[in-house]
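Raw contents of data.cif, mmCIF, C-alpha atoms:
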```
data_work
#
loop_
_atom_site.label_atom_id
_atom_site.label_comp_id
_atom_site.auth_asym_id
_atom_site.auth_seq_id
_atom_site.Cartn_x
_atom_site.Cartn_y
_atom_site.Cartn_z
CA MET A 105 116.57 91.33 180.63
CA HIS A 106 120.21 91.66 179.66
CA LYS A 107 119.93 88.83 177.11
CA GLN A 108 116.78 90.32 175.64
CA GLN A 109 118.47 93.69 175.26
CA VAL A 110 121.44 92.07 173.52
CA LYS A 111 119.12 90.16 171.17
CA GLY A 112 117.21 93.34 170.42
CA THR A 113 120.41 95.22 169.66
CA ILE A 114 121.61 92.44 167.34
CA ARG A 115 118.25 92.34 165.60
CA ARG A 116 118.26 96.11 165.04
CA THR A 117 121.85 96.00 163.80
CA LEU A 118 121.07 93.21 161.31
CA THR A 119 117.98 95.09 160.12
CA ALA A 120 120.01 98.23 159.56
CA VAL A 121 122.73 96.33 157.71
CA CYS A 122 120.21 94.56 155.47
CA GLY A 123 118.46 97.85 154.77
CA SER A 124 121.76 99.47 153.83
CA MET A 125 122.59 96.58 151.51
CA LEU A 126 119.20 96.79 149.81
CA ALA A 127 119.56 100.54 149.39
CA ALA A 128 123.05 100.11 147.96
CA SER A 129 121.88 97.43 145.52
CA SER A 130 118.96 99.60 144.42
CA TRP A 131 121.31 102.53 143.87
CA ALA A 132 123.70 100.36 141.87
CA ALA A 133 120.83 99.05 139.74
CA GLY A 134 119.66 102.59 139.11
CA VAL A 135 123.16 103.67 138.09
CA ALA A 136 123.45 100.65 135.77
CA GLN A 137 120.10 101.45 134.14
CA SER A 138 121.01 105.09 133.72
CA ALA A 139 124.29 104.05 132.08
CA VAL A 140 122.37 102.18 129.37
CA PRO A 141 121.14 104.65 126.71
CA LYS A 142 117.37 104.66 126.44
CA ILE A 143 115.90 104.35 122.96
CA ASN A 144 113.34 107.09 122.51
CA ASP A 145 110.99 105.34 120.09
CA PRO A 146 108.60 107.97 118.68
CA ALA A 147 106.14 105.38 117.32
CA ARG A 148 104.34 105.05 120.66
CA GLY A 149 104.26 108.83 120.94
CA TRP A 150 102.49 109.12 117.58
CA ASP A 151 99.91 106.59 118.78
CA SER A 152 99.36 108.56 121.98
CA LEU A 153 99.04 111.87 120.14
CA TRP A 154 96.61 110.38 117.62
CA HIS A 155 94.52 109.01 120.51
CA GLU A 156 94.36 112.49 122.03
CA VAL A 157 93.34 113.97 118.67
CA ILE A 158 90.51 111.42 118.33
CA VAL A 159 89.32 112.17 121.87
CA ASP A 160 89.42 115.94 121.23
CA ILE A 161 87.49 115.84 117.96
CA THR A 162 84.97 113.42 119.50
CA ILE A 163 84.29 115.80 122.39
CA ILE A 164 84.07 118.75 120.00
CA GLY A 165 81.70 116.81 117.74
CA ILE A 166 79.43 115.93 120.66
CA LEU A 167 79.38 119.55 121.87
CA PHE A 168 78.52 120.77 118.38
CA ALA A 169 75.72 118.20 118.14
CA VAL A 170 74.31 119.21 121.54
CA VAL A 171 74.43 122.95 120.77
CA THR A 172 72.89 122.39 117.34
CA ALA A 173 70.11 120.26 118.82
CA TRP A 174 69.45 122.93 121.45
CA PHE A 175 69.24 125.65 118.78
CA VAL A 176 66.89 123.52 116.68
CA PHE A 177 64.67 122.78 119.68
CA SER A 178 64.59 126.32 121.06
CA SER A 179 63.93 127.85 117.63
CA ARG A 180 61.22 125.43 116.57
CA ARG A 181 57.87 126.69 115.26
CA THR A 182 55.14 126.56 117.91
CA ALA A 183 52.24 127.88 115.82
CA ASP A 184 51.13 127.88 112.17
CA ASN A 185 52.41 130.73 110.02
CA GLN A 186 54.82 131.74 112.77
CA VAL A 187 57.65 133.95 111.53
CA GLY A 188 60.94 133.57 113.35
CA ALA A 189 63.14 136.41 114.48
CA SER A 190 66.74 136.23 115.56
CA PRO A 191 67.44 137.56 119.04
CA LYS A 192 69.39 140.77 119.39
CA LEU A 193 72.83 140.05 120.86
CA THR A 194 74.63 142.47 123.09
CA ALA A 195 78.20 143.45 122.27
CA ALA A 196 79.50 141.22 125.07
CA SER A 197 77.47 138.24 123.82
CA ALA A 198 78.67 138.71 120.24
CA VAL A 199 82.29 138.92 121.36
CA GLY A 200 81.85 135.91 123.62
CA TRP A 201 80.30 133.71 120.91
CA THR A 202 83.15 134.68 118.56
CA VAL A 203 86.27 134.84 120.73
CA LEU A 204 85.71 131.93 123.12
CA PRO A 205 85.29 129.23 120.43
CA ILE A 206 88.33 130.60 118.60
CA PHE A 207 90.50 130.33 121.70
CA ILE A 208 89.20 126.86 122.52
CA PHE A 209 89.89 125.48 119.04
CA LEU A 210 93.18 127.35 118.75
CA SER A 211 94.42 125.96 122.06
CA ILE A 212 93.68 122.41 120.86
CA ASP A 213 95.46 123.05 117.56
CA LEU A 214 98.49 124.58 119.29
CA TYR A 215 98.68 121.69 121.76
CA THR A 216 98.60 119.14 118.93
CA ALA A 217 101.13 121.08 116.87
CA ALA A 218 103.53 121.48 119.81
CA ASN A 219 103.41 117.78 120.67
CA GLY A 220 103.83 116.86 117.02
CA TRP A 221 106.90 119.09 116.79
CA VAL A 222 108.43 117.45 119.87
CA LEU A 223 107.79 113.99 118.43
CA TRP A 224 109.26 115.01 115.08
CA ASN A 225 112.47 116.16 116.81
CA HIS A 226 112.64 112.86 118.68
CA TYR A 227 112.24 111.01 115.40
CA ARG A 228 115.07 112.94 113.73
CA ASP A 229 117.38 112.14 116.68
CA VAL A 230 118.66 108.76 115.45
CA PRO A 231 120.25 106.44 118.07
CA ALA A 232 124.01 106.07 117.68
CA ASP A 233 123.96 102.31 118.26
CA ARG A 234 122.06 101.16 115.18
CA LEU A 235 122.04 98.89 112.15
CA GLU A 236 122.48 100.99 109.01
CA VAL A 237 121.22 99.60 105.70
CA LYS A 238 121.26 101.19 102.25
CA LEU A 239 118.05 101.12 100.25
CA GLU A 240 117.72 101.68 96.52
CA SER A 241 114.13 101.82 95.39
CA GLY A 242 113.04 101.29 91.81
CA MET A 243 110.18 100.12 89.66
CA TYR A 244 109.11 97.91 91.29
CA SER A 245 111.25 96.64 94.17
CA TRP A 246 113.05 97.55 97.36
CA ASP A 247 116.76 96.63 97.18
CA TYR A 248 118.56 96.52 100.54
CA THR A 249 122.36 96.40 100.98
CA TYR A 250 123.89 95.64 104.38
CA PRO A 251 127.25 97.07 105.54
CA ASN A 252 129.05 93.77 104.74
CA GLY A 253 127.72 93.65 101.17
CA VAL A 254 124.85 91.21 101.72
CA ARG A 255 121.85 92.12 99.57
CA THR A 256 118.17 91.31 99.77
CA GLN A 257 115.19 92.33 97.68
CA ASN A 258 111.77 93.20 99.12
CA GLU A 259 112.75 91.61 102.44
CA LEU A 260 114.49 93.66 105.09
CA ILE A 261 115.73 91.24 107.76
CA VAL A 262 116.73 92.90 111.04
CA PRO A 263 117.46 91.89 114.64
CA ALA A 264 115.03 92.60 117.46
CA GLY A 265 116.13 95.12 120.06
CA LYS A 266 118.30 97.25 117.76
CA PRO A 267 117.30 100.45 115.95
CA VAL A 268 117.47 100.25 112.16
CA LEU A 269 118.39 103.19 109.92
CA LEU A 270 117.67 103.16 106.19
CA ARG A 271 119.65 105.49 103.93
CA MET A 272 117.52 105.70 100.82
CA THR A 273 117.78 106.77 97.22
CA SER A 274 115.96 105.92 93.99
CA ARG A 275 117.25 104.83 90.59
CA ASP A 276 114.27 106.04 88.59
CA THR A 277 111.43 108.06 90.10
CA LEU A 278 109.88 109.14 93.37
CA HIS A 279 108.92 106.37 95.82
CA SER A 280 107.91 106.39 99.49
CA HIS A 281 109.02 103.66 101.90
CA TYR A 282 106.14 103.13 104.33
CA ILE A 283 106.13 100.71 107.29
CA PRO A 284 102.71 101.18 108.94
CA ASP A 285 103.45 99.08 112.03
CA PHE A 286 106.37 101.35 112.95
CA ARG A 287 104.60 104.60 111.99
CA VAL A 288 107.39 105.67 109.62
CA LYS A 289 107.24 106.88 106.02
CA GLU A 290 109.83 108.75 103.99
CA ASP A 291 110.29 109.51 100.30
CA SER A 292 113.20 108.12 98.30
CA MET A 293 114.15 110.04 95.19
CA PRO A 294 116.88 110.08 92.54
CA GLY A 295 119.86 112.32 93.18
CA ARG A 296 119.19 112.67 96.90
CA VAL A 297 119.79 110.57 100.03
CA THR A 298 117.01 110.52 102.62
CA TYR A 299 116.62 108.39 105.72
CA LEU A 300 114.17 106.87 108.13
CA TRP A 301 114.63 104.76 111.24
CA PHE A 302 112.51 102.46 113.37
CA TYR A 303 112.92 100.35 116.49
CA PRO A 304 111.84 96.68 116.24
CA THR A 305 111.48 95.25 119.73
CA LYS A 306 110.25 91.69 119.11
CA PRO A 307 110.35 89.10 116.31
CA GLY A 308 107.64 89.22 113.68
CA GLU A 309 106.78 90.34 110.15
CA HIS A 310 105.62 93.78 109.04
CA LEU A 311 104.30 95.06 105.73
CA VAL A 312 106.22 97.53 103.56
CA THR A 313 104.38 99.48 100.87
CA CYS A 314 105.09 102.35 98.51
CA ALA A 315 103.00 105.33 99.59
CA GLU A 316 103.75 107.44 96.51
CA TYR A 317 102.25 106.70 93.10
CA CYS A 318 105.24 105.63 90.99
CA GLY A 319 103.76 103.99 87.88
CA VAL A 320 101.20 101.58 86.49
CA MET A 321 102.44 98.70 88.70
CA HIS A 322 102.64 100.84 91.83
CA SER A 323 100.44 98.47 93.84
CA TYR A 324 102.89 95.60 93.25
CA MET A 325 105.68 97.42 95.08
CA ALA A 326 105.28 95.66 98.41
CA GLY A 327 107.80 94.09 100.76
CA ARG A 328 108.32 92.86 104.28
CA VAL A 329 110.33 93.72 107.35
CA ILE A 330 111.26 90.42 109.01
CA VAL A 331 112.38 90.86 112.61
CA LYS A 332 114.40 87.95 114.00
CA SER A 333 115.84 87.31 117.44
CA ALA A 334 119.48 88.29 117.88
CA ASP A 335 120.68 84.67 117.60
CA GLU A 336 118.54 83.92 114.55
CA TYR A 337 119.68 87.11 112.85
CA ALA A 338 123.35 86.31 113.53
CA ALA A 339 122.90 82.80 112.09
CA TRP A 340 121.12 84.15 109.02
CA MET A 341 123.76 86.81 108.43
CA LYS A 342 126.57 84.26 108.78
CA GLN A 343 124.88 82.05 106.19
CA GLU A 344 124.47 84.98 103.81
CA GLU A 345 128.10 86.00 104.27
CA THR A 346 129.23 82.45 103.48
CA GLN A 347 127.13 82.37 100.30
CA LEU A 348 128.42 85.81 99.29
CA ALA A 349 132.03 84.75 99.81
CA ALA A 350 131.44 81.54 97.81
CA ALA A 351 129.85 83.50 94.97
CA ASN A 352 132.75 85.96 94.85
CA ALA A 353 135.52 83.34 95.15
CA PRO A 354 135.30 81.90 91.57
CA ALA A 355 135.23 85.36 90.09
CA GLU A 356 138.28 86.39 92.10
CA ALA A 357 140.11 83.12 91.33
CA GLY A 358 139.31 83.34 87.60
CA THR A 359 140.41 86.91 87.17
CA PRO A 360 143.27 86.88 84.67
CA ALA A 361 146.52 88.35 85.83
CA ALA A 362 147.40 91.70 84.42
CA LYS A 363 149.68 91.49 81.37
CA PRO A 364 153.05 93.15 81.64
CA ALA A 365 153.40 96.36 79.71
CA ALA A 366 154.84 95.88 76.23
CA LYS A 367 158.42 96.97 75.78
CA PRO A 368 158.93 99.81 73.38
CA LYS A 369 160.34 98.75 70.01
CA LYS A 370 163.85 99.74 69.15
CA THR A 371 164.12 102.08 66.27
#
```

Could you express the structure from this file as structure tokens?
Amino acid sequence: MHKQQVKGTIRRTLTAVCGSMLAASSWAAGVAQSAVPKINDPARGWDSLWHEVIVDITIIGILFAVVTAWFVFSSRRTADNQVGASPKLTAASAVGWTVLPIFIFLSIDLYTAANGWVLWNHYRDVPADRLEVKLESGMYSWDYTYPNGVRTQNELIVPAGKPVLLRMTSRDTLHSHYIPDFRVKEDSMPGRVTYLWFYPTKPGEHLVTCAEYCGVMHSYMAGRVIVKSADEYAAWMKQEETQLAAANAPAEAGTPAAKPAAKPKKT
């Protein structure tokens, strides 16, 4: 009995120690996760809100159809030369048929508007850790400039897992940079700097279009967002930096030295 008690005590002690270690590791993991800033991507929120809007208008449409069918059936003619007469509503019935639908529809509208406002505020809160690219739009191209001077046209190449901010302007007229897959669209215009941001999470390609009529070749103003893995993006950027340095080297080497200022003539 004594040995069994000792074994039981050891077993309980080991169980308690293991449980404490698991709890400590879970706490540490939770602290580590909370230390990492969470990217609040509003794109999924727009999808969710749009789904709710579709559900709401579908239910409302079905209810309207049912009520209309009931009115048509209950008010149908049952005999030849029958003259219909509208029923006399009481004051309570008239108020009910007027006020209740208003409150039902208004509550749906207010719910949608409130959620849309929250999502809009989330969208305008740009993550601090981001890739910032300048965009100059013009007839008929998207011209991107990276912080190190690398430039691309109609192809915005970005790394997966990092938010991307575009600071936009236009050199001619009003354009609108629209990336449907990321649910973002913002106008770019001359004399003003606007911005949009999106959060690419996995490699792939996404269409860019101009959502504002800007001229006779407006439909040709299309581009792509190419999302690469972090390693592929780093390799691509290194290659572009090398080519940019090689292109700038001859110009810098061939720049003539400044001539010394001419000495004033003696009079």

Interatomic distance, atom CA of Phe168 of chain A to atom CA of Phe209 of chain A (Å, one decimal): 12.3 Å

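Atom CA of Arg271 of chain A is found 14.4 Å from atom CA of Ala232 of chain A.
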
Which residue of A:Val176, A:Leu223, A:Val312, A:Ala350 approaches Met325 of chain A most closely, using only C-alpha atoms: A:Val312

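You can rank A:Gly319, A:Pro307, A:Pro251, A:Pro146 by their closest distance to Asp276 of chain A using all atoms listed in the file, and at the top of that list sits A:Gly319.
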
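Remark: residues at most 12 Å from position (96.3, 109.4, 123.5) in file coordinates are Arg148, Gly149, Trp150, Asp151, Ser152, Leu153, Trp154, His155, Glu156, Val157, Ile158, Val159, Asp160, Thr216 and Asn219 of chain A, using only C-alpha atoms.
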
Please provide as a short mmCIF file (atom, residue, chain, number, x, y, z; two decimals) with C-alpha atoms, in the frame of the given file all residues within 12 Å of Pro267 of chain A, with the sequence filter that same-chain residues fewer than 2 positions apart are discarded (counting only C-alpha atoms).
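Below you can see selection05.cif, which holds the result:
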```cif
data_model
loop_
_atom_site.label_atom_id
_atom_site.label_comp_id
_atom_site.auth_asym_id
_atom_site.auth_seq_id
_atom_site.Cartn_x
_atom_site.Cartn_y
_atom_site.Cartn_z
CA LYS A 142 117.37 104.66 126.44
CA ILE A 143 115.90 104.35 122.96
CA ASN A 144 113.34 107.09 122.51
CA ASP A 145 110.99 105.34 120.09
CA PRO A 146 108.60 107.97 118.68
CA TYR A 227 112.24 111.01 115.40
CA ASP A 229 117.38 112.14 116.68
CA VAL A 230 118.66 108.76 115.45
CA PRO A 231 120.25 106.44 118.07
CA ALA A 232 124.01 106.07 117.68
CA ASP A 233 123.96 102.31 118.26
CA ARG A 234 122.06 101.16 115.18
CA LEU A 235 122.04 98.89 112.15
CA GLU A 236 122.48 100.99 109.01
CA VAL A 237 121.22 99.60 105.70
CA VAL A 262 116.73 92.90 111.04
CA PRO A 263 117.46 91.89 114.64
CA ALA A 264 115.03 92.60 117.46
CA GLY A 265 116.13 95.12 120.06
CA LEU A 269 118.39 103.19 109.92
CA LEU A 270 117.67 103.16 106.19
CA PHE A 286 106.37 101.35 112.95
CA LEU A 300 114.17 106.87 108.13
CA TRP A 301 114.63 104.76 111.24
CA PHE A 302 112.51 102.46 113.37
CA TYR A 303 112.92 100.35 116.49
CA PRO A 304 111.84 96.68 116.24
CA THR A 305 111.48 95.25 119.73
CA LYS A 306 110.25 91.69 119.11
CA VAL A 331 112.38 90.86 112.61
#
```

Contacts of Cys314 of chain A within 7 Å, all atoms listed in the file, excl. fewer than 6 positions in-chain, as a ChimeraX atom specification: /A:279-282,325-326

Could the residues in this selection be saved with C-alpha atoms as a JSON list (two decimals), keeping the file's coordinate frame?
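Okay, this is what ended up in selection_17.json:
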```
[["chain", "number", "residue", "atom", "x", "y", "z"],
["A", 279, "HIS", "CA", 108.92, 106.37, 95.82],
["A", 280, "SER", "CA", 107.91, 106.39, 99.49],
["A", 281, "HIS", "CA", 109.02, 103.66, 101.90],
["A", 282, "TYR", "CA", 106.14, 103.13, 104.33],
["A", 325, "MET", "CA", 105.68, 97.42, 95.08],
["A", 326, "ALA", "CA", 105.28, 95.66, 98.41]]
```

Pick from A:Arg228, A:His310, A:His322, A:Arg180 nearest to Ile283 of chain A, counting all atoms listed in the file: A:His310

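Counting from atom CA of Met272 of chain A, the distance to atom CA of Gly242 of chain A is 11.0 Å.
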
Thr346 of chain A surroundings by all atoms listed in the file, 10 Å radius, close-in-sequence under 6 positions cut, as number ranges by chain: A: 254, 340, 352

Protein and nucleic acid residues near (110.3, 95.7, 87.3) (cut-off 10 Å, all atoms listed in the file) as an MDAnalysis selection string: chainID A and resid 242:245 321 324:325

Distance query Thr249 of chain A at most 8 Å, all atoms listed in the file, self and fewer than 3 positions along chain excluded, as a list in words: Val237, Lys238, Leu239, Gly253, Val254, Arg255 and Thr256 of chain A

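Considering only C-alpha atoms, the residue among A:Ser179, A:Glu259, A:Gly308, A:Met293 positioned nearest to Pro191 of chain A is A:Ser179.
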
Selection: 10 Å around Gly295 of chain A, all atoms listed in the file, excl. self and same-chain fewer than 6 positions, as a list in words: Thr273, Ser274, Arg275, Asp276 and Thr277 of chain A

Please produce a file of the residues just selected, as a tab-separated table (two decimals), keeping the file's coordinate frame, where the atoms kept are C-alpha atoms.
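Output file selection-v4.tsv is given in full below:
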```tsv
chain	number	residue	atom	x	y	z
A	273	THR	CA	117.78	106.77	97.22
A	274	SER	CA	115.96	105.92	93.99
A	275	ARG	CA	117.25	104.83	90.59
A	276	ASP	CA	114.27	106.04	88.59
A	277	THR	CA	111.43	108.06	90.10
```

Using the chain letters and numbers from the file, give me the residues hit by the PyMOL selection byres ((chain A and resi 258) around 6), as a PDB file with C-alpha atoms, keeping the file's coordinate frame.
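The resulting file, result.pdb, is shown below:
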```pdb
ATOM      1  CA  TRP A 246     113.050  97.550  97.360  1.00  0.00           C
ATOM      2  CA  GLN A 257     115.190  92.330  97.680  1.00  0.00           C
ATOM      3  CA  GLU A 259     112.750  91.610 102.440  1.00  0.00           C
ATOM      4  CA  GLY A 327     107.800  94.090 100.760  1.00  0.00           C
TER       5      GLY A 327
END
```

Reconstruct segment 183-205 of chain A at the level of N, CA and C atoms, and format the result as a compact mmCIF listing (two decimals), keeping the file's coordinate frame.
```
# COMPACT_ATOMS: atom_id res chain seq x y z
N ALA A 183 53.58 127.57 116.35
CA ALA A 183 52.24 127.88 115.82
C ALA A 183 52.33 127.99 114.30
N ASP A 184 51.19 127.77 113.63
CA ASP A 184 51.13 127.88 112.17
C ASP A 184 51.42 129.31 111.74
N ASN A 185 52.10 129.42 110.60
CA ASN A 185 52.41 130.73 110.02
C ASN A 185 53.23 131.62 110.95
N GLN A 186 53.96 130.97 111.87
CA GLN A 186 54.82 131.74 112.77
C GLN A 186 56.09 132.16 112.04
N VAL A 187 56.45 133.42 112.16
CA VAL A 187 57.65 133.95 111.53
C VAL A 187 58.72 134.12 112.61
N GLY A 188 59.88 133.49 112.35
CA GLY A 188 60.94 133.57 113.35
C GLY A 188 61.69 134.89 113.30
N ALA A 189 62.33 135.19 114.38
CA ALA A 189 63.14 136.41 114.48
C ALA A 189 64.37 136.09 115.31
N SER A 190 65.50 136.51 114.83
CA SER A 190 66.74 136.23 115.56
C SER A 190 66.86 137.18 116.74
N PRO A 191 67.32 136.68 117.88
CA PRO A 191 67.44 137.56 119.04
C PRO A 191 68.55 138.57 118.85
N LYS A 192 68.38 139.70 119.47
CA LYS A 192 69.39 140.77 119.39
C LYS A 192 70.47 140.48 120.43
N LEU A 193 71.72 140.33 119.95
CA LEU A 193 72.83 140.05 120.86
C LEU A 193 73.46 141.34 121.33
N THR A 194 73.86 141.34 122.58
CA THR A 194 74.63 142.47 123.09
C THR A 194 76.05 142.38 122.56
N ALA A 195 76.80 143.44 122.74
CA ALA A 195 78.20 143.45 122.27
C ALA A 195 79.02 142.38 123.00
N ALA A 196 78.77 142.23 124.29
CA ALA A 196 79.50 141.22 125.07
C ALA A 196 79.17 139.81 124.59
N SER A 197 77.87 139.56 124.29
CA SER A 197 77.47 138.24 123.82
C SER A 197 78.08 137.94 122.46
N ALA A 198 78.09 138.93 121.57
CA ALA A 198 78.67 138.71 120.24
C ALA A 198 80.16 138.41 120.33
N VAL A 199 80.85 139.17 121.18
CA VAL A 199 82.29 138.92 121.36
C VAL A 199 82.51 137.55 121.99
N GLY A 200 81.69 137.20 122.96
CA GLY A 200 81.85 135.91 123.62
C GLY A 200 81.64 134.74 122.68
N TRP A 201 80.58 134.79 121.86
CA TRP A 201 80.30 133.71 120.91
C TRP A 201 81.36 133.61 119.81
N THR A 202 82.11 134.69 119.60
CA THR A 202 83.15 134.68 118.56
C THR A 202 84.52 134.32 119.12
N VAL A 203 84.90 134.97 120.21
CA VAL A 203 86.27 134.84 120.73
C VAL A 203 86.47 133.53 121.47
N LEU A 204 85.52 133.15 122.31
CA LEU A 204 85.71 131.93 123.12
C LEU A 204 85.89 130.68 122.27
N PRO A 205 85.04 130.41 121.27
CA PRO A 205 85.29 129.23 120.43
C PRO A 205 86.64 129.28 119.71
```
